[in-house]
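*Asks:* Please find one structure pasted underneath; my questions will follow.
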Amino acid sequence: MPLPLAPIGERLTVKKVLAEERYRRHFHDLGIAAGAAMMLLSVTGGNVIVQVHGSRLALDKHMAMKIIVG
């Protein structure tokens with residue numbers, strides 16, 4: 001399921017990043033890649049705040065929809 005639709009507060013695993021190569025590299029540098037663990041902390045209008053490797057990141061709704069989690 002796309003990241004903004006995931007349950008808040010549960011541990012999630014990134015299954016796939018459906019973005020252009022340059023965005024996938026950027027996400028990878030932030031710690032968001034297939035197999036990475038994260039937690040969805042907040043969703044406001046589709047924009048999200050996630051916790052990845054002890055850091056909080058804010059993502060806009062368009063980019064967040066490209067991250068598939070399970």
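Following the order of the structure tokens, chains are lettered A, B, ..., residues in each are numbered from 1, and ligands are numbered from 1.
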Could you pull out all residues of segment 14-63 of chain A with a DSSP call of helix (DSSP H, G or I) and give them as a count of residues only?
*Replies:* 13
*Asks:* What are the DSSP strand (DSSP E or B) residues of segment 10-59 of chain A, as a ChimeraX atom specification?
*Replies:* /A:11-17,37-44,47-52,55-59
*Asks:* I'd like the contact shell of Ile32 of chain A - 12 Å cut-off, only C-alpha atoms, skipping same-chain residues fewer than 2 positions apart - returned as a ChimeraX atom specification.
*Replies:* /A:3,12-19,23-30,34-39,50-53,55-57,59,63-64,66-69
*Asks:* Could you tell me which of A:Glu10, A:Gly70, A:Glu21, A:Lys61 comes closest to Val43 of chain A if we count only C-alpha atoms?
*Replies:*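 Closest to Val43 of chain A of all the choices is A:Lys61.
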*Asks:* Show which residues sit within 9 Å of Gly46 of chain A, as an MDAnalysis selection string. Count only C-alpha atoms, and ignore same-chain residues fewer than 5 positions away.
*Replies:* chainID A and resid 4:5 60:62 64:65
*Asks:* Would you export the selected residues with N, CA, C and O atoms as a CSV table (one decimal), in the first residue's frame, please?
*Replies:*
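Full text of again10.csv as output:
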```csv
chain,number,residue,atom,x,y,z
A,4,PRO,N,1.1,7.0,2.5
A,4,PRO,CA,0.1,7.8,3.2
A,4,PRO,C,-1.2,7.0,3.6
A,4,PRO,O,-1.9,7.5,4.5
A,5,LEU,N,-1.4,5.8,3.1
A,5,LEU,CA,-2.5,5.0,3.4
A,5,LEU,C,-2.2,4.0,4.5
A,5,LEU,O,-3.1,3.3,5.0
A,60,ASP,N,6.3,15.2,0.9
A,60,ASP,CA,5.0,15.7,0.4
A,60,ASP,C,4.2,14.5,-0.2
A,60,ASP,O,4.8,13.4,-0.4
A,61,LYS,N,2.9,14.7,-0.4
A,61,LYS,CA,2.0,13.6,-0.7
A,61,LYS,C,2.4,13.0,-2.0
A,61,LYS,O,2.2,11.8,-2.2
A,62,HIS,N,2.9,13.7,-3.0
A,62,HIS,CA,3.3,13.1,-4.3
A,62,HIS,C,4.4,12.1,-4.2
A,62,HIS,O,4.4,11.0,-4.8
A,64,ALA,N,5.4,10.7,-1.3
A,64,ALA,CA,5.0,9.7,-0.3
A,64,ALA,C,4.2,8.6,-1.0
A,64,ALA,O,4.3,7.4,-0.7
A,65,MET,N,3.4,8.9,-2.0
A,65,MET,CA,2.6,7.9,-2.7
A,65,MET,C,3.4,7.0,-3.6
A,65,MET,O,3.0,5.9,-3.9
```
*Asks:* Just the number, please: distance in Å from atom CA of Ile8 of chain A to atom CA of Arg22 of chain A, one decimal.
*Replies:*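 Computed distance, atom CA of Ile8 of chain A to atom CA of Arg22 of chain A, equals 27.8 Å.
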